[in-house]
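Novice: Next comes run-v3.txt, compact mmCIF, C-alpha atoms and all ligand atoms:
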```txt
# COMPACT_ATOMS: atom_id res chain seq x y z
CA MET Y 118 0.00 0.00 0.00
CA LYS Y 119 1.41 3.37 -1.05
CA LEU Y 120 0.27 5.84 1.62
CA TYR Y 121 0.62 9.62 1.26
CA ILE Y 122 0.43 11.49 4.57
CA SER Y 123 0.25 15.25 4.04
CA GLY Y 124 1.55 17.48 6.85
CA HIS Y 125 3.96 14.79 8.11
CA ARG Y 126 6.09 17.36 9.96
CA GLY Y 127 3.09 18.44 12.01
CA MET Y 128 1.85 16.86 15.25
CA VAL Y 129 -0.79 14.60 13.65
CA GLY Y 130 1.20 13.79 10.52
CA GLY Y 131 4.19 12.91 12.71
CA ALA Y 132 2.08 10.53 14.82
CA LEU Y 133 0.73 8.90 11.65
CA VAL Y 134 4.28 8.41 10.33
CA ARG Y 135 5.30 6.84 13.69
CA HIS Y 136 2.28 4.54 13.48
CA TYR Y 137 2.78 3.43 9.88
CA GLN Y 138 6.55 3.35 9.55
CA ASN Y 139 6.81 -0.17 10.96
CA VAL Y 140 3.68 -1.56 9.35
CA PRO Y 141 4.69 -4.19 6.78
CA ASP Y 142 3.81 -3.55 3.13
CA VAL Y 143 3.24 0.18 3.66
CA GLU Y 144 5.29 2.51 1.46
CA LEU Y 145 5.12 6.01 2.92
CA VAL Y 146 5.09 9.05 0.66
CA VAL Y 147 5.72 12.44 2.30
CA ARG Y 148 6.58 15.94 1.12
CA THR Y 149 7.59 19.03 3.07
CA ARG Y 150 5.77 22.27 2.34
CA ALA Y 151 8.91 23.50 0.51
CA GLU Y 152 8.70 20.44 -1.76
CA LEU Y 153 4.93 20.60 -2.26
CA ASP Y 154 2.82 23.60 -1.32
CA LEU Y 155 -0.70 22.17 -1.12
CA THR Y 156 -2.24 25.56 -1.95
CA ASN Y 157 -0.61 25.33 -5.42
CA GLN Y 158 -3.14 23.50 -7.56
CA ALA Y 159 -0.80 22.73 -10.47
CA ALA Y 160 1.88 21.34 -8.15
CA VAL Y 161 -0.67 19.17 -6.32
CA GLU Y 162 -2.11 17.82 -9.60
CA SER Y 163 1.38 16.99 -10.86
CA PHE Y 164 2.39 15.30 -7.58
CA PHE Y 165 -0.68 13.03 -7.58
CA ALA Y 166 -0.40 12.22 -11.28
CA THR Y 167 3.20 11.08 -10.70
CA GLU Y 168 2.92 9.33 -7.32
CA LYS Y 169 -0.57 7.79 -7.66
CA PRO Y 170 -0.87 6.75 -4.00
CA ASP Y 171 -3.34 4.03 -2.96
CA VAL Y 172 -4.35 5.84 0.22
CA VAL Y 173 -4.21 9.51 1.28
CA ILE Y 174 -4.52 10.99 4.78
CA ILE Y 175 -4.95 14.76 4.80
CA ALA Y 176 -3.12 15.81 7.99
CA ALA Y 177 -1.91 19.12 6.54
CA ALA Y 178 -3.81 22.24 7.54
CA LYS Y 179 -3.37 25.71 8.93
CA VAL Y 180 -3.89 24.99 12.63
CA GLY Y 181 -3.84 27.08 15.79
CA GLY Y 182 -5.46 27.77 19.12
CA ILE Y 183 -8.26 30.14 20.01
CA HIS Y 184 -6.19 33.34 19.59
CA ALA Y 185 -4.77 32.39 16.16
CA ASN Y 186 -8.18 31.31 14.87
CA ASN Y 187 -9.79 34.51 16.10
CA THR Y 188 -7.04 36.80 14.75
CA TYR Y 189 -6.34 35.34 11.29
CA PRO Y 190 -9.75 34.14 9.97
CA ALA Y 191 -8.94 34.97 6.34
CA GLU Y 192 -5.82 32.76 6.34
CA PHE Y 193 -7.57 29.96 8.23
CA ALA Y 194 -10.46 29.94 5.75
CA TYR Y 195 -8.48 30.43 2.55
CA GLU Y 196 -5.58 28.04 3.19
CA ASN Y 197 -7.73 25.25 4.56
CA LEU Y 198 -10.36 25.54 1.84
CA ILE Y 199 -7.86 25.53 -1.01
CA LEU Y 200 -5.63 22.85 0.52
CA ALA Y 201 -8.57 20.45 1.00
CA THR Y 202 -10.06 21.20 -2.42
CA ASN Y 203 -6.75 20.75 -4.25
CA THR Y 204 -5.93 17.49 -2.48
CA ILE Y 205 -9.34 15.84 -2.78
CA HIS Y 206 -9.80 16.79 -6.43
CA ALA Y 207 -6.26 15.83 -7.49
CA ALA Y 208 -6.53 12.50 -5.63
CA TYR Y 209 -9.76 11.74 -7.48
CA ARG Y 210 -8.24 12.72 -10.85
CA ALA Y 211 -5.24 10.46 -10.21
CA GLY Y 212 -7.51 7.49 -9.40
CA VAL Y 213 -6.79 7.36 -5.65
CA PRO Y 214 -9.41 4.93 -4.27
CA ARG Y 215 -9.15 5.80 -0.55
CA LEU Y 216 -8.80 9.10 1.30
CA LEU Y 217 -9.24 10.19 4.93
CA PHE Y 218 -9.91 13.86 5.65
CA LEU Y 219 -9.41 15.27 9.15
CA GLY Y 220 -11.79 17.89 10.48
CA SER Y 221 -12.23 19.06 14.06
CA SER Y 222 -14.83 19.11 16.84
CA CYS Y 223 -15.31 22.85 16.18
CA ILE Y 224 -17.40 22.00 13.09
CA TYR Y 225 -20.41 21.50 15.38
CA PRO Y 226 -22.67 24.41 16.38
CA LYS Y 227 -21.58 26.35 19.46
CA LEU Y 228 -24.68 25.43 21.43
CA ALA Y 229 -25.37 21.95 20.04
CA PRO Y 230 -26.54 19.37 22.60
CA GLN Y 231 -23.68 17.72 24.50
CA PRO Y 232 -22.10 15.30 23.89
CA LEU Y 233 -21.75 16.39 20.26
CA SER Y 234 -23.26 13.85 17.94
CA GLU Y 235 -22.36 13.58 14.25
CA ASP Y 236 -26.04 14.45 13.58
CA SER Y 237 -25.49 17.98 14.97
CA LEU Y 238 -23.58 19.04 11.87
CA LEU Y 239 -25.12 22.13 10.22
CA THR Y 240 -27.89 22.51 12.77
CA GLY Y 241 -26.94 25.94 14.16
CA PRO Y 242 -24.51 28.88 14.35
CA LEU Y 243 -20.80 28.17 14.94
CA GLU Y 244 -18.52 29.42 17.71
CA PRO Y 245 -17.37 32.87 16.43
CA THR Y 246 -13.69 32.50 17.48
CA ASN Y 247 -13.19 29.61 15.06
CA GLU Y 248 -15.97 30.05 12.52
CA ALA Y 249 -13.58 30.50 9.56
CA TYR Y 250 -11.65 27.33 10.33
CA ALA Y 251 -14.85 25.38 11.02
CA ILE Y 252 -16.41 26.47 7.71
CA SER Y 253 -13.31 25.32 5.81
CA LYS Y 254 -13.42 21.97 7.62
CA ILE Y 255 -17.14 21.55 6.91
CA ALA Y 256 -16.46 22.28 3.23
CA GLY Y 257 -13.64 19.68 3.23
CA LEU Y 258 -15.68 16.92 4.81
CA LYS Y 259 -18.65 17.66 2.55
CA LEU Y 260 -16.39 17.59 -0.52
CA ALA Y 261 -15.12 14.12 0.47
CA GLU Y 262 -18.74 13.01 0.96
CA TYR Y 263 -19.82 14.40 -2.44
CA TYR Y 264 -16.93 12.71 -4.30
CA ARG Y 265 -17.82 9.43 -2.59
CA ARG Y 266 -21.49 9.79 -3.48
CA GLN Y 267 -20.99 10.90 -7.08
CA TYR Y 268 -17.87 8.94 -8.08
CA GLY Y 269 -17.96 5.91 -5.77
CA VAL Y 270 -14.48 6.56 -4.29
CA CYS Y 271 -14.07 5.74 -0.59
CA TYR Y 272 -13.35 9.27 0.69
CA HIS Y 273 -14.38 9.79 4.31
CA SER Y 274 -13.69 12.00 7.32
CA ALA Y 275 -12.79 11.81 11.00
CA MET Y 276 -13.53 14.62 13.47
CA PRO Y 277 -10.91 14.61 16.24
CA THR Y 278 -11.51 16.43 19.48
CA ASN Y 279 -8.75 18.76 20.84
CA LEU Y 280 -5.38 16.98 20.44
CA TYR Y 281 -2.02 17.11 22.19
CA GLY Y 282 1.25 15.17 22.19
CA PRO Y 283 4.76 15.07 20.74
CA GLY Y 284 5.59 17.55 17.98
CA ASP Y 285 2.95 20.09 19.06
CA ASN Y 286 3.29 23.81 18.37
CA TYR Y 287 4.59 25.69 21.46
CA HIS Y 288 4.19 29.23 20.10
CA GLY Y 289 3.45 31.67 22.94
CA GLN Y 290 0.22 33.06 21.41
CA ASN Y 291 -0.85 30.84 18.51
CA SER Y 292 -0.71 27.40 20.14
CA HIS Y 293 -3.45 25.33 21.80
CA VAL Y 294 -3.97 25.32 25.54
CA ILE Y 295 -1.91 22.24 26.55
CA PRO Y 296 1.34 23.18 24.78
CA ALA Y 297 0.87 26.84 25.79
CA LEU Y 298 0.54 25.93 29.48
CA ILE Y 299 3.37 23.37 29.45
CA ARG Y 300 5.78 25.96 28.09
CA ARG Y 301 4.52 28.80 30.32
CA PHE Y 302 4.69 26.76 33.55
CA HIS Y 303 8.06 25.28 32.59
CA GLU Y 304 9.59 28.69 31.93
CA ALA Y 305 7.98 30.13 35.08
CA ARG Y 306 9.41 27.32 37.21
CA LEU Y 307 12.90 27.87 35.81
CA ALA Y 308 12.62 31.66 36.32
CA GLU Y 309 11.02 31.19 39.77
CA GLN Y 310 8.10 33.42 38.75
CA PRO Y 311 5.50 33.72 41.55
CA THR Y 312 2.52 33.98 39.15
CA VAL Y 313 1.41 32.49 35.84
CA HIS Y 314 -1.57 33.70 33.81
CA ALA Y 315 -3.93 31.35 32.03
CA TRP Y 316 -6.50 32.62 29.54
CA GLY Y 317 -10.21 33.19 30.06
CA THR Y 318 -12.17 32.20 33.15
CA GLY Y 319 -11.10 28.55 33.46
CA SER Y 320 -14.74 27.45 33.30
CA PRO Y 321 -14.94 26.07 29.70
CA LEU Y 322 -14.97 22.30 29.36
CA ARG Y 323 -12.75 20.53 26.84
CA GLU Y 324 -12.00 16.96 25.85
CA PHE Y 325 -8.37 16.06 25.03
CA LEU Y 326 -7.11 13.13 22.96
CA HIS Y 327 -3.45 12.09 22.75
CA VAL Y 328 -2.28 12.26 19.15
CA ASP Y 329 -0.99 8.66 19.22
CA ASP Y 330 -4.56 7.56 19.98
CA LEU Y 331 -5.77 9.60 17.01
CA ALA Y 332 -3.22 7.90 14.72
CA ALA Y 333 -4.46 4.50 15.91
CA ALA Y 334 -8.07 5.57 15.28
CA CYS Y 335 -7.22 6.73 11.74
CA ALA Y 336 -5.57 3.37 11.01
CA PHE Y 337 -8.65 1.61 12.44
CA LEU Y 338 -10.98 3.60 10.17
CA LEU Y 339 -8.79 2.96 7.13
CA GLU Y 340 -9.09 -0.79 7.76
CA MET Y 341 -12.88 -0.60 7.43
CA GLU Y 342 -14.38 -1.64 4.15
CA ASN Y 343 -17.35 0.70 4.40
CA PRO Y 344 -16.53 3.49 6.88
CA PRO Y 345 -19.08 6.17 7.81
CA ASP Y 346 -18.78 9.46 5.90
CA LEU Y 347 -18.13 11.25 9.17
CA ILE Y 348 -17.15 9.96 12.60
CA ASN Y 349 -16.11 11.58 15.88
CA VAL Y 350 -12.80 10.61 17.51
CA GLY Y 351 -12.35 11.41 21.19
CA THR Y 352 -12.19 9.97 24.67
CA GLY Y 353 -15.79 10.67 25.71
CA THR Y 354 -14.74 12.60 28.85
CA ASP Y 355 -13.93 16.25 29.43
CA VAL Y 356 -12.30 18.48 32.06
CA SER Y 357 -12.60 22.15 32.92
CA ILE Y 358 -9.75 24.38 31.78
CA ARG Y 359 -9.15 25.15 35.47
CA GLU Y 360 -8.67 21.42 36.24
CA LEU Y 361 -6.45 21.04 33.18
CA THR Y 362 -4.34 24.03 34.25
CA GLU Y 363 -3.80 22.52 37.69
CA LEU Y 364 -2.86 19.17 36.13
CA VAL Y 365 -0.28 20.79 33.84
CA ALA Y 366 1.17 22.89 36.69
CA THR Y 367 1.54 19.79 38.87
CA THR Y 368 3.07 17.76 36.03
CA VAL Y 369 5.61 20.47 35.28
CA GLY Y 370 6.34 21.05 38.99
CA TYR Y 371 5.19 24.68 39.12
CA THR Y 372 3.96 25.62 42.61
CA GLY Y 373 3.27 29.36 42.23
CA GLU Y 374 -0.05 31.16 41.88
CA ILE Y 375 -2.33 30.79 38.82
CA LYS Y 376 -4.27 33.88 37.75
CA TRP Y 377 -6.93 34.15 35.04
CA ASP Y 378 -6.61 36.70 32.23
CA THR Y 379 -10.27 37.34 31.45
CA SER Y 380 -9.41 39.73 28.62
CA LYS Y 381 -8.74 36.53 26.60
CA PRO Y 382 -11.72 34.62 25.14
CA ASP Y 383 -13.15 31.43 26.65
CA GLY Y 384 -14.44 30.20 23.32
CA THR Y 385 -17.16 27.62 23.20
CA PRO Y 386 -18.46 26.71 26.71
CA ARG Y 387 -18.25 22.94 26.21
CA LYS Y 388 -17.00 20.66 23.45
CA LEU Y 389 -17.44 17.00 24.35
CA MET Y 390 -17.68 14.44 21.57
CA ASP Y 391 -20.30 11.71 21.44
CA VAL Y 392 -18.00 8.80 20.63
CA SER Y 393 -20.68 6.08 20.72
CA LYS Y 394 -20.46 5.48 16.95
CA LEU Y 395 -16.73 4.73 17.07
CA SER Y 396 -17.06 2.73 20.31
CA ALA Y 397 -19.77 0.57 18.73
CA LEU Y 398 -17.36 -0.18 15.89
CA GLY Y 399 -14.80 -1.41 18.46
CA TRP Y 400 -12.31 1.46 18.98
CA GLN Y 401 -11.55 3.43 22.11
CA ALA Y 402 -8.80 5.72 23.34
CA ALA Y 403 -6.02 4.17 25.45
CA ILE Y 404 -4.06 7.12 26.87
CA ALA Y 405 -5.58 8.83 29.93
CA LEU Y 406 -5.05 12.58 30.27
CA PRO Y 407 -2.68 12.62 33.32
CA ASN Y 408 -0.39 10.05 31.70
CA GLY Y 409 -0.65 11.77 28.31
CA VAL Y 410 0.28 15.17 29.76
CA LYS Y 411 3.22 13.57 31.60
CA ARG Y 412 4.46 11.96 28.38
CA THR Y 413 3.97 15.21 26.48
CA TYR Y 414 6.02 17.14 29.03
CA GLY Y 415 8.75 14.52 28.48
CA SER Y 416 8.54 15.15 24.71
CA PHE Y 417 8.69 18.91 25.33
CA LEU Y 418 11.92 18.48 27.31
CA ALA Y 419 13.41 16.17 24.66
CA GLU Y 420 12.41 18.52 21.82
CA THR Y 421 13.88 21.49 23.73
CA GLU Y 422 17.12 19.56 24.27
CA ALA Y 423 17.29 18.56 20.59
CA GLY Y 424 16.58 22.14 19.43
CA SER Y 425 13.51 20.93 17.48
CA LEU Y 426 10.79 22.57 19.63
CA ARG Y 427 8.21 24.30 17.38
CA THR Y 428 7.77 27.81 18.67
N1 LIG X 501 -4.15 20.09 16.98
C1 LIG X 501 -5.41 19.87 17.33
O1 LIG X 501 -5.80 20.07 18.50
C2 LIG X 501 -6.38 19.37 16.31
C3 LIG X 501 -6.03 19.13 14.99
N2 LIG X 501 -6.98 18.66 14.12
C4 LIG X 501 -6.66 18.45 12.69
O2 LIG X 501 -5.55 17.61 12.53
C5 LIG X 501 -4.81 18.01 11.37
C6 LIG X 501 -3.35 18.22 11.72
O3 LIG X 501 -3.23 19.16 12.78
P1 LIG X 501 -1.86 19.34 13.59
O4 LIG X 501 -0.95 18.21 13.29
O5 LIG X 501 -2.23 19.65 14.98
O6 LIG X 501 -1.28 20.67 12.94
P2 LIG X 501 0.24 21.09 12.75
O7 LIG X 501 0.28 22.56 12.62
O8 LIG X 501 1.07 20.45 13.81
O9 LIG X 501 0.64 20.42 11.37
C7 LIG X 501 0.08 20.83 10.16
C8 LIG X 501 1.05 20.51 9.05
O10 LIG X 501 0.47 20.91 7.81
C9 LIG X 501 1.47 21.50 7.02
N3 LIG X 501 0.89 22.44 6.06
C10 LIG X 501 0.07 23.49 6.33
N4 LIG X 501 -0.20 24.15 5.19
C11 LIG X 501 0.45 23.51 4.20
C12 LIG X 501 0.57 23.73 2.81
N5 LIG X 501 -0.05 24.75 2.21
N6 LIG X 501 1.33 22.88 2.08
C13 LIG X 501 1.97 21.85 2.68
N7 LIG X 501 1.90 21.58 3.98
C14 LIG X 501 1.15 22.42 4.75
C15 LIG X 501 2.36 22.22 8.00
O11 LIG X 501 3.61 22.44 7.40
P3 LIG X 501 4.65 23.52 7.98
O12 LIG X 501 5.21 22.83 9.19
O13 LIG X 501 5.63 23.72 6.89
O14 LIG X 501 3.82 24.73 8.31
C16 LIG X 501 2.40 21.24 9.16
O15 LIG X 501 3.44 20.31 9.00
C17 LIG X 501 -5.50 19.26 10.83
O16 LIG X 501 -6.39 18.92 9.82
C18 LIG X 501 -6.27 19.76 12.02
O17 LIG X 501 -7.39 20.46 11.62
C19 LIG X 501 -8.26 18.39 14.52
C20 LIG X 501 -8.65 18.59 15.81
C21 LIG X 501 -7.77 19.10 16.81
C1 LIG X 502 -8.71 22.28 18.51
C2 LIG X 502 -9.50 23.55 18.56
O1 LIG X 502 -8.67 24.63 19.02
C3 LIG X 502 -9.31 25.90 19.15
O2 LIG X 502 -10.37 25.89 20.01
P1 LIG X 502 -10.30 25.81 21.56
O3 LIG X 502 -10.94 24.54 21.98
O4 LIG X 502 -10.85 27.04 22.13
O5 LIG X 502 -8.74 25.61 21.85
P2 LIG X 502 -7.59 26.25 22.70
O6 LIG X 502 -6.71 25.10 23.01
O7 LIG X 502 -6.93 27.39 22.06
O8 LIG X 502 -8.28 26.81 24.04
C4 LIG X 502 -9.02 25.99 24.91
C5 LIG X 502 -9.43 26.76 26.14
O9 LIG X 502 -8.26 26.97 26.94
C6 LIG X 502 -8.19 28.32 27.36
N1 LIG X 502 -6.79 28.70 27.62
C7 LIG X 502 -6.28 28.97 28.85
N2 LIG X 502 -4.99 29.34 28.74
C8 LIG X 502 -4.69 29.24 27.41
C9 LIG X 502 -3.50 29.50 26.69
O10 LIG X 502 -2.47 29.90 27.23
N3 LIG X 502 -3.54 29.26 25.35
C10 LIG X 502 -4.68 28.83 24.71
N4 LIG X 502 -4.65 28.59 23.38
N5 LIG X 502 -5.84 28.61 25.38
C11 LIG X 502 -5.83 28.82 26.71
C12 LIG X 502 -8.86 29.07 26.22
O11 LIG X 502 -9.29 30.35 26.63
C13 LIG X 502 -10.01 28.14 25.89
O12 LIG X 502 -11.08 28.36 26.77
C14 LIG X 502 -9.90 26.37 17.88
O13 LIG X 502 -9.00 27.07 17.21
C15 LIG X 502 -10.62 25.30 17.09
O14 LIG X 502 -10.56 25.63 15.76
C16 LIG X 502 -10.17 23.90 17.28
O15 LIG X 502 -10.43 23.03 16.47
```
Can you give me the file's structure in the form of structure tokens?
Ligand SMILES: NC(=O)C1=CN([C@@H]2O[C@H](COP(=O)(O)OP(=O)(O)OC[C@H]3O[C@@H](n4cnc5c(N)ncnc54)[C@H](OP(=O)(O)O)[C@@H]3O)[C@@H](O)[C@H]2O)C=CC1
Ligand SMILES: C[C@H]1O[C@H](OP(=O)(O)OP(=O)(O)OC[C@H]2O[C@@H](n3cnc4c(=O)[nH]c(N)nc43)[C@H](O)[C@@H]2O)[C@@H](O)[C@@H](O)C1=O

Specialist:
Amino acid sequence: MKLYISGHRGMVGGALVRHYQNVPDVELVVRTRAELDLTNQAAVESFFATEKPDVVIIAAAKVGGIHANNTYPAEFAYENLILATNTIHAAYRAGVPRLLFLGSSCIYPKLAPQPLSEDSLLTGPLEPTNEAYAISKIAGLKLAEYYRRQYGVCYHSAMPTNLYGPGDNYHGQNSHVIPALIRRFHEARLAEQPTVHAWGTGSPLREFLHVDDLAAACAFLLEMENPPDLINVGTGTDVSIRELTELVATTVGYTGEIKWDTSKPDGTPRKLMDVSKLSALGWQAAIALPNGVKRTYGSFLAETEAGSLRT
């Protein structure tokens, strides 16, 4: 099986490469952004016509936390729309029979019933801080569905909940909450800072999935002969941002005071996936949050040491 993983230098793409690199009879195809810019339609068409992979996983995207999504909506919409469109269409034109598109839990309406069922898609207004990204992800998953329906190709989508793990982005402003807090608490401990600020009120609820679990779930879905068009991937449990913040501080060994910067947005009040569809098919997450955060802090230290930390 010739498998093209886009975005292999990102957190999800990296986990997929780790998962598949020792699987027998899998030939991995990867390209850096410098080698293949997925927003360049001609380059994408030419790549697919030459490589003709058997399976594609779209793990490339413009990704960021609440601040980045809220600040750069034009880039989040444009890059993710064009990247998904180019990849799905070129894969179809090159005769690729199987493709997995990755969306995100933010595709569901802000106030949809919790836990978020796949049936909630397109039933109400989106969370404003990530509307642009969500719209591009909805377009991507719908495109995969339409190509499957019209052309009979097995193109389908998975909706992961908030992810974390090795190879995450530790940018001070544009990252997600777990990498942001790991770095902030780590630096505060080293500098013996008495106070650390976390964003918002601490009251929102979020569900977190380790990226190695997501890679395993993607492989599970790609083994299915007739996968659903759209399926949620998560753990089925959530925590408050306040609880998460305390967990990260403890893991990192920071003992100072935590203050809340309420000038920063909370985002959606709760985002818990209904994972009953995936559970019924026989898959569930294996890495519990405290252990996952501990492992991720270990990766952060190793990446810092190696000079490869993404900031
Ligand atoms: N992180 C999370 O919490 C969640 C992520 N997801 C989804 O998982 C997928 C992967 O996310 P994640 O791994 O976290 O993101 P990362 O930012 O870690 O990785 C994304 C990768 O995509 C590459 N990329 C972006 N634009 C282009 C382009 N135009 N051409 C070529 N490559 C490009 C980036 O390359 P470069 O390094 O050169 O910029 C990067 O390697 C995305 O679809 C995202 O929506 C879903 C739910 C939650
Ligand atoms: C994966 C997901 O990621 C984004 O949505 P989000 O769930 O809001 O993700 P987040 O990780 O940025 O924040 C989670 C919560 O945590 C709080 N918070 C505290 N302190 C920090 C902090 O220091 N950084 C960040 N980023 N958040 C912080 C923050 O205020 C919020 O209440 C979307 O872009 C969306 O498109 C998407 O798909």

Novice: Enumerate, as a VMD selection string, the protein, DNA and RNA residues whose atoms approach (-11.7, 30.9, 25.4) to within 7 Å, taking into account only C-alpha atoms and the coordinate frame of the file.

Specialist: chain Y and resid 183 316 to 317 381 to 385

Novice: Filtering to C-alpha atoms, could you give me those residues as an mmCIF file, keeping the file's coordinate frame?

Specialist:
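Result written to out29.cif:
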```
data_model
loop_
_atom_site.group_PDB
_atom_site.id
_atom_site.type_symbol
_atom_site.label_atom_id
_atom_site.label_comp_id
_atom_site.auth_asym_id
_atom_site.auth_seq_id
_atom_site.Cartn_x
_atom_site.Cartn_y
_atom_site.Cartn_z
ATOM 1 C CA ILE Y 183 -8.260 30.140 20.010
ATOM 2 C CA TRP Y 316 -6.500 32.620 29.540
ATOM 3 C CA GLY Y 317 -10.210 33.190 30.060
ATOM 4 C CA LYS Y 381 -8.740 36.530 26.600
ATOM 5 C CA PRO Y 382 -11.720 34.620 25.140
ATOM 6 C CA ASP Y 383 -13.150 31.430 26.650
ATOM 7 C CA GLY Y 384 -14.440 30.200 23.320
ATOM 8 C CA THR Y 385 -17.160 27.620 23.200
#
```

Novice: Could you list, as a PyMOL selection string, every residue within 12 Å of Y:Leu155, counting all atoms listed in the file and ignoring same-chain residues fewer than 6 positions away?

Specialist: chain Y and resi 123-124+148-149+161-165+175-179+195-207

Novice: Skip stretch 215-221 of chain Y itself and residues of its chain fewer than 4 positions away, then list as a PDB file with C-alpha atoms, keeping the file's coordinate frame all residues within 10 Å of it, counting only C-alpha atoms.

Specialist:
```pdb
ATOM      1  CA  LEU Y 120       0.270   5.840   1.620  1.00  0.00           C
ATOM      2  CA  TYR Y 121       0.620   9.620   1.260  1.00  0.00           C
ATOM      3  CA  ILE Y 122       0.430  11.490   4.570  1.00  0.00           C
ATOM      4  CA  VAL Y 129      -0.790  14.600  13.650  1.00  0.00           C
ATOM      5  CA  PRO Y 170      -0.870   6.750  -4.000  1.00  0.00           C
ATOM      6  CA  ASP Y 171      -3.340   4.030  -2.960  1.00  0.00           C
ATOM      7  CA  VAL Y 172      -4.350   5.840   0.220  1.00  0.00           C
ATOM      8  CA  VAL Y 173      -4.210   9.510   1.280  1.00  0.00           C
ATOM      9  CA  ILE Y 174      -4.520  10.990   4.780  1.00  0.00           C
ATOM     10  CA  ILE Y 175      -4.950  14.760   4.800  1.00  0.00           C
ATOM     11  CA  ALA Y 176      -3.120  15.810   7.990  1.00  0.00           C
ATOM     12  CA  ALA Y 177      -1.910  19.120   6.540  1.00  0.00           C
ATOM     13  CA  ALA Y 178      -3.810  22.240   7.540  1.00  0.00           C
ATOM     14  CA  ALA Y 201      -8.570  20.450   1.000  1.00  0.00           C
ATOM     15  CA  THR Y 204      -5.930  17.490  -2.480  1.00  0.00           C
ATOM     16  CA  ILE Y 205      -9.340  15.840  -2.780  1.00  0.00           C
ATOM     17  CA  ALA Y 208      -6.530  12.500  -5.630  1.00  0.00           C
ATOM     18  CA  TYR Y 209      -9.760  11.740  -7.480  1.00  0.00           C
ATOM     19  CA  TYR Y 225     -20.410  21.500  15.380  1.00  0.00           C
ATOM     20  CA  TYR Y 250     -11.650  27.330  10.330  1.00  0.00           C
ATOM     21  CA  ALA Y 251     -14.850  25.380  11.020  1.00  0.00           C
ATOM     22  CA  SER Y 253     -13.310  25.320   5.810  1.00  0.00           C
ATOM     23  CA  LYS Y 254     -13.420  21.970   7.620  1.00  0.00           C
ATOM     24  CA  ILE Y 255     -17.140  21.550   6.910  1.00  0.00           C
ATOM     25  CA  ALA Y 256     -16.460  22.280   3.230  1.00  0.00           C
ATOM     26  CA  GLY Y 257     -13.640  19.680   3.230  1.00  0.00           C
ATOM     27  CA  LEU Y 258     -15.680  16.920   4.810  1.00  0.00           C
ATOM     28  CA  LEU Y 260     -16.390  17.590  -0.520  1.00  0.00           C
ATOM     29  CA  ALA Y 261     -15.120  14.120   0.470  1.00  0.00           C
ATOM     30  CA  ARG Y 265     -17.820   9.430  -2.590  1.00  0.00           C
ATOM     31  CA  VAL Y 270     -14.480   6.560  -4.290  1.00  0.00           C
ATOM     32  CA  CYS Y 271     -14.070   5.740  -0.590  1.00  0.00           C
ATOM     33  CA  TYR Y 272     -13.350   9.270   0.690  1.00  0.00           C
ATOM     34  CA  HIS Y 273     -14.380   9.790   4.310  1.00  0.00           C
ATOM     35  CA  SER Y 274     -13.690  12.000   7.320  1.00  0.00           C
ATOM     36  CA  ALA Y 275     -12.790  11.810  11.000  1.00  0.00           C
ATOM     37  CA  MET Y 276     -13.530  14.620  13.470  1.00  0.00           C
ATOM     38  CA  PRO Y 277     -10.910  14.610  16.240  1.00  0.00           C
ATOM     39  CA  THR Y 278     -11.510  16.430  19.480  1.00  0.00           C
ATOM     40  CA  ASN Y 279      -8.750  18.760  20.840  1.00  0.00           C
ATOM     41  CA  LEU Y 280      -5.380  16.980  20.440  1.00  0.00           C
ATOM     42  CA  CYS Y 335      -7.220   6.730  11.740  1.00  0.00           C
ATOM     43  CA  ALA Y 336      -5.570   3.370  11.010  1.00  0.00           C
ATOM     44  CA  LEU Y 338     -10.980   3.600  10.170  1.00  0.00           C
ATOM     45  CA  LEU Y 339      -8.790   2.960   7.130  1.00  0.00           C
ATOM     46  CA  ASP Y 346     -18.780   9.460   5.900  1.00  0.00           C
ATOM     47  CA  LEU Y 347     -18.130  11.250   9.170  1.00  0.00           C
ATOM     48  CA  ILE Y 348     -17.150   9.960  12.600  1.00  0.00           C
ATOM     49  CA  ASN Y 349     -16.110  11.580  15.880  1.00  0.00           C
ATOM     50  CA  VAL Y 350     -12.800  10.610  17.510  1.00  0.00           C
TER      51      VAL Y 350
END
```

Novice: Name all residues at most 10 Å from Y:Gly289 (count all atoms listed in the file; drop same-chain ones fewer than 4 positions away) and give them as a list in words.

Specialist: His293, Pro296, Ala297, Leu298, Arg300, Arg301 and Thr428 of chain Y

Novice: Return the single residue from Y:Leu153, Y:Ile375, Y:Ala402, Y:Val134 that is closest to ligand LIG 502 (chain X), with distances computed using all atoms listed in the file.

Specialist: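 When distances to ligand LIG 502 (chain X) are compared using all atoms listed in the file, the smallest one comes from Y:Ile375.
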
Novice: Leaving out Y:Val180 and any residue of its chain fewer than 4 positions from it, which residues lie within 10 Å of it when counting all atoms listed in the file, given as an NGL selection string?

Specialist: :Y and (127 or 185-186 or 193 or 197 or 250 or 286 or 291-293)

Novice: Quick one: residues within 7 Å of stretch 425-427 of chain Y, only C-alpha atoms counted, chain neighbours fewer than 4 positions away excluded, as an NGL selection string?

Specialist: :Y and (285-288 or 420-421)

Novice: In terms of the shortest atom-to-atom distance over all atoms listed in the file, which of Y:Ile299, Y:Ala397, Y:Cys223, Y:Leu228 is closest to ligand LIG 502 (chain X)?

Specialist: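 Result for the nearest residue to ligand LIG 502 (chain X): Y:Cys223.
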
Novice: Quick check, in Å to one decimal: how far apart do atom O12 of ligand LIG 502 (chain X) and atom CA of Y:Pro321 lie?

Specialist: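 Rounded to one decimal, the two atoms are 5.4 Å apart.
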
Novice: Suppose you want the space between atom CA of Y:Thr156 and atom C11 of ligand LIG 501 (chain X); what is it in Å?

Specialist: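 These two atoms are separated by 7.0 Å.
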